[in-house]
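Pasting start.cif here (mmCIF, C-alpha atoms and all ligand atoms):
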```
data_final
#
loop_
_atom_site.label_atom_id
_atom_site.label_comp_id
_atom_site.auth_asym_id
_atom_site.auth_seq_id
_atom_site.Cartn_x
_atom_site.Cartn_y
_atom_site.Cartn_z
CA MET A 1 39.91 13.99 11.87
CA LEU A 2 36.69 14.55 13.75
CA GLN A 3 34.99 12.18 11.31
CA ARG A 4 37.48 9.43 12.27
CA TRP A 5 36.73 10.09 15.92
CA HIS A 6 32.97 9.97 15.37
CA THR A 7 33.17 6.75 13.35
CA ARG A 8 35.71 4.99 15.61
CA HIS A 9 33.07 2.50 16.79
CA LEU A 10 32.66 1.15 13.24
CA PRO A 11 34.74 -1.73 11.89
CA THR A 12 37.47 -0.79 9.41
CA ASP A 13 36.49 -3.71 7.20
CA PRO A 14 33.26 -2.65 5.47
CA ALA A 15 32.20 -6.32 5.18
CA GLU A 16 31.66 -6.33 8.94
CA VAL A 17 28.91 -3.74 8.56
CA LEU A 18 26.82 -6.03 6.34
CA GLY A 19 23.55 -7.51 7.50
CA PRO A 20 23.24 -11.30 7.73
CA ASP A 21 21.23 -12.09 4.58
CA VAL A 22 23.28 -10.78 1.70
CA LYS A 23 24.16 -14.08 0.05
CA GLY A 24 22.03 -14.82 -2.99
CA LYS A 25 20.38 -11.39 -3.08
CA THR A 26 20.63 -9.07 -6.08
CA PHE A 27 22.00 -5.54 -5.84
CA ILE A 28 22.45 -2.91 -8.52
CA VAL A 29 25.23 -0.44 -7.73
CA THR A 30 25.49 2.67 -9.89
CA GLY A 31 28.90 4.35 -10.18
CA PRO A 32 30.89 1.23 -9.22
CA THR A 33 34.00 2.26 -11.15
CA SER A 34 35.36 4.73 -8.61
CA GLY A 35 35.37 5.74 -4.96
CA ILE A 36 32.63 4.61 -2.60
CA GLY A 37 30.83 2.63 -5.32
CA THR A 38 33.81 0.35 -6.00
CA THR A 39 34.11 -0.72 -2.35
CA THR A 40 30.33 -1.05 -2.05
CA ALA A 41 30.05 -3.34 -5.08
CA GLU A 42 33.13 -5.40 -4.19
CA THR A 43 32.07 -5.91 -0.57
CA LEU A 44 28.61 -7.10 -1.58
CA ALA A 45 29.99 -9.38 -4.29
CA ARG A 46 32.60 -10.97 -2.04
CA ALA A 47 29.84 -11.60 0.53
CA GLY A 48 28.01 -13.76 -2.02
CA ALA A 49 25.51 -11.29 -3.49
CA ARG A 50 24.75 -11.01 -7.18
CA VAL A 51 25.92 -7.52 -8.09
CA VAL A 52 25.10 -5.62 -11.25
CA LEU A 53 27.71 -2.95 -11.84
CA ALA A 54 25.79 -0.21 -13.62
CA CYS A 55 28.55 1.81 -15.21
CA ARG A 56 29.04 4.22 -18.06
CA THR A 57 32.16 2.36 -19.25
CA VAL A 58 31.34 -1.36 -19.27
CA LYS A 59 34.98 -2.22 -20.02
CA ARG A 60 36.04 -0.63 -16.72
CA GLY A 61 33.30 -2.43 -14.82
CA GLN A 62 34.35 -5.75 -16.40
CA ALA A 63 38.03 -5.06 -15.59
CA LEU A 64 37.05 -4.62 -11.93
CA ILE A 65 35.11 -7.88 -11.91
CA ASP A 66 38.09 -9.67 -13.53
CA SER A 67 40.48 -8.30 -10.93
CA TRP A 68 38.19 -9.32 -8.03
CA ASN A 69 37.77 -12.78 -9.55
CA SER A 70 41.54 -13.20 -9.81
CA THR A 71 41.67 -13.51 -6.01
CA GLN A 72 38.60 -15.78 -5.66
CA SER A 73 38.47 -19.56 -5.91
CA GLU A 74 34.90 -19.34 -7.35
CA PRO A 75 33.91 -16.54 -9.75
CA LEU A 76 31.81 -13.80 -8.16
CA ARG A 77 28.21 -13.35 -9.31
CA CYS A 78 28.82 -9.98 -10.96
CA GLU A 79 27.77 -8.44 -14.23
CA ALA A 80 28.69 -5.10 -15.78
CA MET A 81 25.84 -3.32 -17.59
CA HIS A 82 25.86 0.02 -19.37
CA LEU A 83 24.20 2.98 -17.67
CA ASP A 84 24.92 6.62 -18.44
CA LEU A 85 23.03 8.84 -16.03
CA ASP A 86 23.71 11.77 -18.34
CA SER A 87 20.96 10.43 -20.57
CA LEU A 88 17.41 9.49 -19.61
CA ASP A 89 17.27 7.24 -22.68
CA SER A 90 20.22 5.29 -21.32
CA VAL A 91 18.30 4.89 -18.02
CA ARG A 92 15.28 3.56 -19.92
CA THR A 93 17.44 1.14 -21.92
CA PHE A 94 19.18 -0.11 -18.77
CA ALA A 95 15.89 -0.55 -16.90
CA SER A 96 14.28 -2.45 -19.83
CA ALA A 97 17.30 -4.75 -20.07
CA PHE A 98 17.20 -5.48 -16.34
CA LEU A 99 13.42 -5.93 -16.22
CA ALA A 100 13.65 -8.36 -19.15
CA LYS A 101 15.69 -10.69 -16.95
CA GLY A 102 12.58 -11.10 -14.78
CA GLU A 103 14.73 -11.38 -11.69
CA PRO A 104 13.96 -9.97 -8.24
CA LEU A 105 16.00 -6.93 -7.23
CA HIS A 106 16.67 -6.66 -3.52
CA CYS A 107 18.39 -3.32 -3.54
CA LEU A 108 19.10 -0.48 -5.93
CA LEU A 109 22.05 1.56 -4.71
CA ASN A 110 21.89 4.98 -6.34
CA ASN A 111 25.52 5.81 -5.64
CA ALA A 112 26.82 7.47 -8.82
CA GLY A 113 27.06 11.21 -8.65
CA VAL A 114 28.95 14.27 -9.81
CA PHE A 115 30.23 17.38 -8.08
CA ASP A 116 31.99 19.45 -10.71
CA MET A 117 34.46 21.40 -8.63
CA SER A 118 35.79 23.21 -11.73
CA GLY A 119 32.71 25.41 -11.49
CA ALA A 120 31.83 24.91 -15.17
CA PHE A 121 28.12 24.92 -16.02
CA ASN A 122 27.18 21.75 -17.88
CA ARG A 123 24.00 20.17 -19.15
CA THR A 124 23.03 16.52 -19.51
CA LYS A 125 22.15 15.11 -22.94
CA ASP A 126 18.51 15.95 -22.13
CA GLY A 127 19.40 19.58 -21.39
CA HIS A 128 19.12 19.51 -17.59
CA GLU A 129 21.69 21.18 -15.35
CA SER A 130 24.19 18.33 -14.93
CA HIS A 131 24.14 17.91 -11.13
CA TYR A 132 20.35 17.91 -11.07
CA GLY A 133 20.12 15.58 -14.06
CA THR A 134 22.83 13.09 -13.12
CA ASN A 135 22.47 13.02 -9.33
CA PHE A 136 18.72 13.29 -9.08
CA LEU A 137 16.57 13.03 -12.24
CA ALA A 138 18.21 9.96 -13.76
CA PRO A 139 18.38 7.96 -10.48
CA ALA A 140 14.78 8.97 -9.74
CA LEU A 141 13.68 7.59 -13.11
CA LEU A 142 15.77 4.46 -12.60
CA SER A 143 14.17 3.87 -9.19
CA LEU A 144 10.65 4.23 -10.59
CA LEU A 145 11.29 2.04 -13.63
CA LEU A 146 12.87 -0.73 -11.56
CA MET A 147 9.94 -0.86 -9.12
CA PRO A 148 8.52 -4.11 -10.65
CA SER A 149 11.83 -5.93 -9.97
CA LEU A 150 12.05 -4.46 -6.46
CA LYS A 151 8.48 -5.55 -5.75
CA LEU A 152 9.32 -9.06 -6.93
CA ALA A 153 11.98 -9.25 -4.21
CA GLY A 154 10.42 -7.34 -1.34
CA THR A 155 8.01 -8.53 1.32
CA ALA A 156 6.41 -6.60 4.16
CA SER A 157 8.78 -8.23 6.64
CA ALA A 158 11.86 -7.89 4.42
CA PRO A 159 11.29 -4.99 2.04
CA ALA A 160 13.47 -4.41 -1.01
CA ARG A 161 15.36 -1.12 -0.79
CA VAL A 162 16.26 1.93 -2.79
CA VAL A 163 19.31 3.61 -1.27
CA PHE A 164 20.34 7.09 -2.32
CA VAL A 165 23.90 8.18 -1.52
CA CYS A 166 23.11 11.79 -0.69
CA SER A 167 25.25 14.34 1.09
CA LYS A 168 25.26 16.54 4.14
CA LEU A 169 25.69 19.41 1.68
CA HIS A 170 21.95 19.15 0.92
CA GLN A 171 21.60 21.56 3.83
CA PHE A 172 23.05 24.38 1.71
CA CYS A 173 19.83 24.41 -0.31
CA ARG A 174 16.97 25.89 1.70
CA ARG A 175 14.31 25.65 -1.00
CA LEU A 176 14.20 23.83 -4.31
CA PRO A 177 13.53 26.50 -6.92
CA LEU A 178 11.35 24.36 -9.18
CA ASP A 179 10.95 27.28 -11.59
CA ASP A 180 14.71 27.79 -11.99
CA LEU A 181 16.53 24.49 -11.53
CA GLY A 182 18.67 25.38 -14.54
CA PHE A 183 20.07 28.61 -13.01
CA GLU A 184 18.59 30.83 -15.70
CA ARG A 185 17.56 33.58 -13.29
CA ARG A 186 20.34 33.33 -10.69
CA SER A 187 24.09 33.05 -10.80
CA TYR A 188 25.44 29.53 -11.09
CA GLY A 189 27.56 27.88 -8.41
CA ALA A 190 28.64 24.23 -8.33
CA ARG A 191 27.97 23.92 -4.60
CA ALA A 192 24.46 25.34 -4.99
CA ALA A 193 23.78 23.00 -7.92
CA TYR A 194 25.11 19.98 -6.02
CA ALA A 195 23.18 20.91 -2.87
CA GLN A 196 19.88 21.26 -4.74
CA SER A 197 20.38 17.87 -6.40
CA LYS A 198 21.00 16.26 -3.01
CA LEU A 199 18.04 18.00 -1.36
CA ALA A 200 15.87 16.74 -4.24
CA GLU A 201 17.09 13.18 -3.60
CA ILE A 202 15.91 13.29 0.04
CA GLN A 203 12.58 14.99 -0.65
CA PHE A 204 11.90 12.58 -3.50
CA THR A 205 12.65 9.44 -1.46
CA ARG A 206 10.36 10.66 1.34
CA GLU A 207 7.53 11.23 -1.13
CA LEU A 208 8.27 7.93 -2.87
CA GLU A 209 7.99 6.11 0.46
CA ARG A 210 4.70 7.88 1.21
CA ARG A 211 3.34 6.72 -2.14
CA LEU A 212 4.60 3.21 -1.48
CA GLY A 213 2.39 3.15 1.60
CA VAL A 214 4.90 3.99 4.33
CA MET A 215 3.31 6.19 6.98
CA ASP A 216 5.00 8.04 9.82
CA GLY A 217 4.02 6.54 13.13
CA GLU A 218 4.80 7.88 16.56
CA ASP A 219 8.29 8.08 18.08
CA GLY A 220 10.01 7.73 14.72
CA SER A 221 8.33 4.42 13.93
CA VAL A 222 6.68 3.72 10.57
CA ARG A 223 3.42 1.97 9.74
CA GLY A 224 2.19 0.25 6.63
CA ASP A 225 3.10 -2.92 4.81
CA ALA A 226 5.24 -1.51 2.02
CA THR A 227 7.38 -4.09 0.26
CA VAL A 228 9.87 -1.48 -0.95
CA ARG A 229 11.56 1.04 1.37
CA CYS A 230 13.93 3.94 0.76
CA VAL A 231 16.99 4.95 2.77
CA THR A 232 19.32 7.93 2.27
CA VAL A 233 22.89 8.28 3.51
CA HIS A 234 25.63 10.84 3.91
CA PRO A 235 28.79 8.75 3.47
CA GLY A 236 31.10 11.27 5.16
CA ASN A 237 33.76 13.35 3.48
CA ILE A 238 35.81 10.91 1.47
CA VAL A 239 38.92 11.04 -0.70
CA THR A 240 37.54 9.80 -4.02
CA GLY A 241 37.57 10.72 -7.68
CA VAL A 242 35.23 13.59 -6.92
CA VAL A 243 38.03 16.07 -7.74
CA ARG A 244 38.49 14.68 -11.26
CA THR A 245 37.52 17.94 -12.98
CA LEU A 246 40.32 19.90 -11.31
CA PRO A 247 43.81 20.22 -12.90
CA TYR A 248 45.92 17.06 -12.44
CA VAL A 249 48.43 18.72 -10.07
CA VAL A 250 45.61 19.94 -7.83
CA GLN A 251 44.10 16.43 -7.84
CA VAL A 252 47.39 14.90 -6.71
CA ALA A 253 47.92 17.56 -4.03
CA TYR A 254 44.32 17.15 -2.86
CA LYS A 255 44.72 13.39 -2.52
CA ILE A 256 48.05 13.64 -0.64
CA ILE A 257 46.84 16.29 1.80
CA MET A 258 43.24 15.19 2.22
CA SER A 259 44.01 11.50 2.69
CA ARG A 260 45.30 12.51 6.15
CA VAL A 261 42.04 14.17 7.05
CA LEU A 262 39.17 12.62 5.10
CA LEU A 263 37.80 9.08 5.21
CA THR A 264 38.84 6.39 2.74
CA PRO A 265 36.35 4.94 0.20
CA SER A 266 36.16 1.80 2.37
CA GLU A 267 35.19 3.90 5.35
CA GLY A 268 32.77 5.85 3.18
CA ALA A 269 31.06 2.69 1.93
CA ARG A 270 29.99 1.63 5.41
CA ALA A 271 26.91 3.84 5.56
CA SER A 272 25.71 2.59 2.14
CA LEU A 273 26.26 -1.04 3.10
CA TYR A 274 24.47 -0.50 6.39
CA ALA A 275 21.52 1.18 4.66
CA ALA A 276 21.35 -1.52 1.98
CA THR A 277 21.55 -4.59 4.18
CA ARG A 278 20.88 -4.02 7.88
CA GLY A 279 17.43 -4.53 9.37
CA GLU A 280 18.04 -1.70 11.87
CA ALA A 281 18.21 0.75 8.96
CA LEU A 282 14.45 0.37 8.52
CA THR A 283 13.17 0.29 12.07
CA GLY A 284 12.38 3.13 14.42
CA THR A 285 13.85 5.75 12.15
CA GLY A 286 10.84 7.32 10.41
CA ARG A 287 9.99 7.60 6.73
CA ALA A 288 12.97 7.43 4.33
CA PRO A 289 15.55 7.49 7.09
CA TYR A 290 18.78 9.45 6.65
CA PHE A 291 22.00 7.90 7.96
CA THR A 292 25.32 9.60 8.50
CA SER A 293 28.83 8.17 8.04
CA GLU A 294 28.53 6.96 11.63
CA CYS A 295 25.63 4.69 10.52
CA VAL A 296 23.40 6.60 12.89
CA ALA A 297 19.97 7.91 11.86
CA LYS A 298 19.85 11.71 11.96
CA SER A 299 17.33 14.26 10.89
CA PRO A 300 18.20 15.85 7.55
CA SER A 301 17.70 19.62 7.17
CA PRO A 302 14.18 21.02 7.81
CA PRO A 303 13.57 21.69 4.06
CA ALA A 304 14.34 18.02 3.40
CA LEU A 305 11.43 17.12 5.68
CA ASP A 306 8.99 19.54 4.02
CA ASP A 307 6.22 17.24 2.75
CA GLU A 308 4.46 19.97 0.79
CA ALA A 309 7.66 20.77 -1.11
CA ALA A 310 8.24 17.03 -1.66
CA ALA A 311 4.78 16.62 -3.21
CA LYS A 312 5.47 19.54 -5.58
CA LEU A 313 8.84 18.06 -6.49
CA TRP A 314 7.14 14.72 -7.19
CA ASP A 315 4.68 16.31 -9.64
CA ALA A 316 7.41 18.35 -11.33
CA THR A 317 9.67 15.30 -11.60
CA LEU A 318 7.00 13.10 -13.18
CA ALA A 319 6.30 15.84 -15.71
CA THR A 320 10.01 16.26 -16.51
CA LEU A 321 10.47 12.50 -16.86
CA GLY A 322 7.45 12.24 -19.17
CA LEU A 323 5.56 9.98 -16.74
CA PRO A 324 1.79 10.31 -16.33
CA LYS A 325 0.53 12.51 -13.45
CA ASP A 326 -1.17 9.53 -11.82
CA PHE A 327 1.90 7.27 -12.07
CA LYS A 328 1.86 4.81 -9.17
CA PRO A 329 5.22 3.49 -8.01
N1 LIG B 1 33.36 11.93 -1.76
C1 LIG B 1 32.67 12.55 -0.84
O1 LIG B 1 33.24 13.20 0.07
C2 LIG B 1 31.17 12.51 -0.85
C3 LIG B 1 30.48 13.17 0.17
C4 LIG B 1 29.09 13.13 0.18
C5 LIG B 1 28.43 12.43 -0.81
N2 LIG B 1 29.12 11.80 -1.80
C6 LIG B 1 28.33 11.09 -2.81
O2 LIG B 1 28.83 9.78 -2.91
C7 LIG B 1 28.54 9.25 -4.21
C8 LIG B 1 29.77 8.57 -4.76
O3 LIG B 1 30.76 9.57 -4.97
P1 LIG B 1 32.33 9.33 -4.87
O4 LIG B 1 32.85 10.32 -3.91
O5 LIG B 1 32.64 7.90 -4.72
O6 LIG B 1 32.73 9.90 -6.30
P2 LIG B 1 33.61 9.34 -7.49
O7 LIG B 1 34.84 8.65 -7.00
O8 LIG B 1 33.77 10.52 -8.38
O9 LIG B 1 32.66 8.25 -8.18
C9 LIG B 1 31.50 8.63 -8.83
C10 LIG B 1 30.97 7.46 -9.64
O10 LIG B 1 29.80 7.93 -10.33
C11 LIG B 1 29.95 7.60 -11.69
N3 LIG B 1 29.27 8.54 -12.58
C12 LIG B 1 29.45 9.87 -12.67
N4 LIG B 1 28.70 10.37 -13.65
C13 LIG B 1 28.01 9.33 -14.19
C14 LIG B 1 27.10 9.19 -15.25
N5 LIG B 1 26.73 10.24 -16.00
N6 LIG B 1 26.60 7.97 -15.52
C15 LIG B 1 26.98 6.88 -14.82
N7 LIG B 1 27.87 6.95 -13.81
C16 LIG B 1 28.39 8.16 -13.51
C17 LIG B 1 31.44 7.63 -11.96
O11 LIG B 1 31.72 6.91 -13.14
P3 LIG B 1 33.16 7.01 -13.89
O12 LIG B 1 34.08 6.15 -13.05
O13 LIG B 1 32.87 6.49 -15.23
O14 LIG B 1 33.56 8.44 -13.87
C18 LIG B 1 31.96 6.98 -10.70
O15 LIG B 1 31.90 5.58 -10.82
C19 LIG B 1 28.05 10.44 -5.04
O16 LIG B 1 26.65 10.39 -5.15
C20 LIG B 1 28.48 11.64 -4.22
O17 LIG B 1 27.65 12.75 -4.43
C21 LIG B 1 30.48 11.82 -1.84
#
```

Let me see the file written as structure tokens.
Ligand SMILES: NC(=O)c1ccc[n+]([C@@H]2O[C@H](COP(=O)([O-])OP(=O)(O)OC[C@H]3O[C@@H](n4cnc5c(N)ncnc54)[C@H](OP(=O)(O)O)[C@@H]3O)[C@@H](O)[C@H]2O)c1
Amino acid sequence: MLQRWHTRHLPTDPAEVLGPDVKGKTFIVTGPTSGIGTTTAETLARAGARVVLACRTVKRGQALIDSWNSTQSEPLRCEAMHLDLDSLDSVRTFASAFLAKGEPLHCLLNNAGVFDMSGAFNRTKDGHESHYGTNFLAPALLSLLLMPSLKLAGTASAPARVVFVCSKLHQFCRRLPLDDLGFERRSYGARAAYAQSKLAEIQFTRELERRLGVMDGEDGSVRGDATVRCVTVHPGNIVTGVVRTLPYVVQVAYKIIMSRVLLTPSEGARASLYAATRGEALTGTGRAPYFTSECVAKSPSPPALDDEAAAKLWDATLATLGLPKDFKP
């Protein structure tokens, strides 16, 4: 209820949050088949953007496009493409297919994510702990591989963007244990695994921006002429499919009870849409700004701002992804 109060200044229609220049731009939205991602993709598409729905079940992505088109006089400029973030090979295949189109990419929205509330320990196809692999490693690789398309679209005055839908829960991880991301030497907990994946997202985007030539100026300003920028958001606490791993009865009860308290996916999409399209999201807010559900820039947790830790994460991530040490984004 407090969230509603804090976000009361925002329009209920997420389309009203959009910046002015969406029409004709290209956006990739990961995880568009549920929750925040569905509203994000639909809002951008209905505003005239070309939207690539990067989904693990193309049939479901196509069904969404068909249903949106059924209420449009002109078909929307949408395409469903296969992307399974459980597999780094799938990320490589997706990126190659998109790069082959040779088209400029104005924004990559890394929205897809998992939070396995059942508490079960799972691994991705590549053997990484599943929250770390799906929420962080795969989107990190996707962001790096799509850099040529982002650079085709971005200019110093209107940079292309990489948006990571993070979470306030990143604050429950105080230090990324780079030597034990797979919980081999500590007991496993879903919240700890989720929090470390979200902390990694913020540290990584800050280091990525640094390597793209974005420098912290004074008073929260940034310097440099980077043509690609990164933004992170906490969408709020939203009723979405995030409870899908719990028993069906619990899911139904959760949705009935929590829909009175938590934000809707439309309300949750506002921060992503703001970060992806508004000019204010890039000005006066420091390197890799972090926005809350109120669309207000806030400081993430102190570990998220630890540049030394971010540089170590960068090196470890390149090694894990099989990219050369001197890889330049
Ligand atoms: N809900 C919240 O309160 C909350 C709070 C803070 C942050 N977030 C973040 O917001 C983002 C969106 O979450 P949501 O709440 O909208 O959750 P959701 O309803 O569960 O949607 C998650 C989306 O991610 C996709 N996805 C999951 N695993 C994938 C994989 N291996 N490959 C490709 N796509 C995959 C899902 O695809 P399928 O439809 O095929 O399953 C779905 O489209 C996540 O990053 C989450 O961490 C959510």

Note to self: Using only C-alpha atoms and all ligand atoms, which residues have at least one atom no more than 6 Å from ligand LIG 1 (chain B)? Output them as JSON, numbers by chain.
What the structure shows: {"A": [31, 32, 33, 34, 35, 36, 37, 55, 56, 57, 83, 84, 85, 86, 111, 112, 113, 114, 134, 165, 166, 167, 234, 235, 236, 237, 238, 239, 240, 241, 242]}

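Comparing A:Leu108, A:Leu150, A:Ala45, A:Met81 by their smallest distance to Phe164 of chain A, the closest is A:Leu108 (using only C-alpha atoms).
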
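If you measure from each of A:Ala49, A:Leu142, A:Ala192, A:Val252 to Val91 of chain A using all atoms listed in the file, the closest one turns out to be A:Leu142.
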
Margin query: Using all atoms listed in the file, which protein or nucleic acid residues come within 7 Å of Asn135 of chain A? Drop anything in the same chain fewer than 3 positions from it, and give the result as a PyMOL selection string.
Written below: chain A and resi 113-114+131-132+138-139+197

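Pairwise distance (atom CA of Asp219 of chain A, atom CA of Lys312 of chain A) equals 26.4 Å.
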
Notebook entry, point to check: Within 10 Å of Pro148 of chain A, counting only C-alpha atoms, which residues qualify if same-chain residues fewer than 5 places away don't, as a count of residues only?
Noted result: 8

Notebook entry, point to check: Between atom CA of Pro302 of chain A and atom CA of Tyr290 of chain A, what is the spacing in Å?
Noted result: 12.5 Å

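Considering the residues A:Thr43, A:Thr285, A:Ser96, A:Thr26 and counting all atoms listed in the file, Glu267 of chain A has its shortest atom-to-atom contact with A:Thr43.
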
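When only C-alpha atoms are used to compute distances to Arg206 of chain A, the closest of the residues A:Leu282, A:Ala316, A:Ala288, A:Val243 turns out to be A:Ala288.
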
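Counting from atom CA of Gly286 of chain A, the distance to atom CA of Leu146 of chain A is 23.5 Å.
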
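Close to (20.9, -7.1, -10.0), meaning no more than 7 Å away when counting all atoms listed in the file, sit the residues Thr26, Phe27, Ile28, Arg50, Val51, Val52 and Leu105 of chain A.
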
I need the chosen residues saved as a PDB file, in the frame of the given file, with C-alpha atoms.
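File selection-v4.pdb, as written:
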```
ATOM      1  CA  THR A  26      20.630  -9.070  -6.080  1.00  0.00           C
ATOM      2  CA  PHE A  27      22.000  -5.540  -5.840  1.00  0.00           C
ATOM      3  CA  ILE A  28      22.450  -2.910  -8.520  1.00  0.00           C
ATOM      4  CA  ARG A  50      24.750 -11.010  -7.180  1.00  0.00           C
ATOM      5  CA  VAL A  51      25.920  -7.520  -8.090  1.00  0.00           C
ATOM      6  CA  VAL A  52      25.100  -5.620 -11.250  1.00  0.00           C
ATOM      7  CA  LEU A 105      16.000  -6.930  -7.230  1.00  0.00           C
TER       8      LEU A 105
END
```

Next item on the list: Please identify all polymer residues within 10 Å of Arg210 of chain A, counting all atoms listed in the file, omitting same-chain residues fewer than 3 positions from it, and present them as a list in words.
Entry: Phe204, Thr205, Arg206, Glu207, Gly213, Val214, Met215, Asp216, Gly224, Ala226, Arg229, Arg287, Ala288, Asp307 and Ala311 of chain A

Note to self: Please determine, counting all atoms listed in the file, which residue among A:Ile202, A:Ile256, A:Ala310, A:Cys78 has the shortest atom-to-atom distance to Gly24 of chain A.
What the structure shows: A:Cys78

Item checked: Residues near Thr12 of chain A, cut-off 9 Å, only C-alpha atoms, skip fewer than 3 positions along chain, as a PyMOL selection string -> chain A and resi 8+15-16+266-267+270

Margin query: Nearest residue to Ser272 of chain A out of A:His82, A:Lys23, A:Arg185, A:Arg161, using all atoms listed in the file?
Written below: A:Arg161

Around all listed atoms of segment 12-27 of chain A, padded 3 Å per side, what centre and edge lengths does the axis-aligned box have in Å to one decimal, as AutoDock Vina command-line options?
```
--center_x 28.9 --center_y -7.8 --center_z 1.7 --size_x 23.1 --size_y 20.0 --size_z 21.5
```

Point (31.7, 23.3, -11.2), cut-off 12 Å, counting all atoms listed in the file, residues as a PDB file with C-alpha atoms, in the frame of the given file:
```
ATOM      1  CA  VAL A 114      28.950  14.270  -9.810  1.00  0.00           C
ATOM      2  CA  PHE A 115      30.230  17.380  -8.080  1.00  0.00           C
ATOM      3  CA  ASP A 116      31.990  19.450 -10.710  1.00  0.00           C
ATOM      4  CA  MET A 117      34.460  21.400  -8.630  1.00  0.00           C
ATOM      5  CA  SER A 118      35.790  23.210 -11.730  1.00  0.00           C
ATOM      6  CA  GLY A 119      32.710  25.410 -11.490  1.00  0.00           C
ATOM      7  CA  ALA A 120      31.830  24.910 -15.170  1.00  0.00           C
ATOM      8  CA  PHE A 121      28.120  24.920 -16.020  1.00  0.00           C
ATOM      9  CA  ASN A 122      27.180  21.750 -17.880  1.00  0.00           C
ATOM     10  CA  ARG A 123      24.000  20.170 -19.150  1.00  0.00           C
ATOM     11  CA  GLU A 129      21.690  21.180 -15.350  1.00  0.00           C
ATOM     12  CA  SER A 130      24.190  18.330 -14.930  1.00  0.00           C
ATOM     13  CA  HIS A 131      24.140  17.910 -11.130  1.00  0.00           C
ATOM     14  CA  TYR A 188      25.440  29.530 -11.090  1.00  0.00           C
ATOM     15  CA  GLY A 189      27.560  27.880  -8.410  1.00  0.00           C
ATOM     16  CA  ALA A 190      28.640  24.230  -8.330  1.00  0.00           C
ATOM     17  CA  ARG A 191      27.970  23.920  -4.600  1.00  0.00           C
ATOM     18  CA  ALA A 192      24.460  25.340  -4.990  1.00  0.00           C
ATOM     19  CA  ALA A 193      23.780  23.000  -7.920  1.00  0.00           C
ATOM     20  CA  TYR A 194      25.110  19.980  -6.020  1.00  0.00           C
ATOM     21  CA  VAL A 242      35.230  13.590  -6.920  1.00  0.00           C
ATOM     22  CA  VAL A 243      38.030  16.070  -7.740  1.00  0.00           C
ATOM     23  CA  ARG A 244      38.490  14.680 -11.260  1.00  0.00           C
ATOM     24  CA  THR A 245      37.520  17.940 -12.980  1.00  0.00           C
ATOM     25  CA  LEU A 246      40.320  19.900 -11.310  1.00  0.00           C
TER      26      LEU A 246
END
```

Note to self: Set the distance at 6 Å and use all atoms listed in the file: which residues neighbour segment 154-158 of chain A once local chain neighbours fewer than 4 positions away are removed? I'd like the list as a ChimeraX atom specification.
What the structure shows: /A:225-228
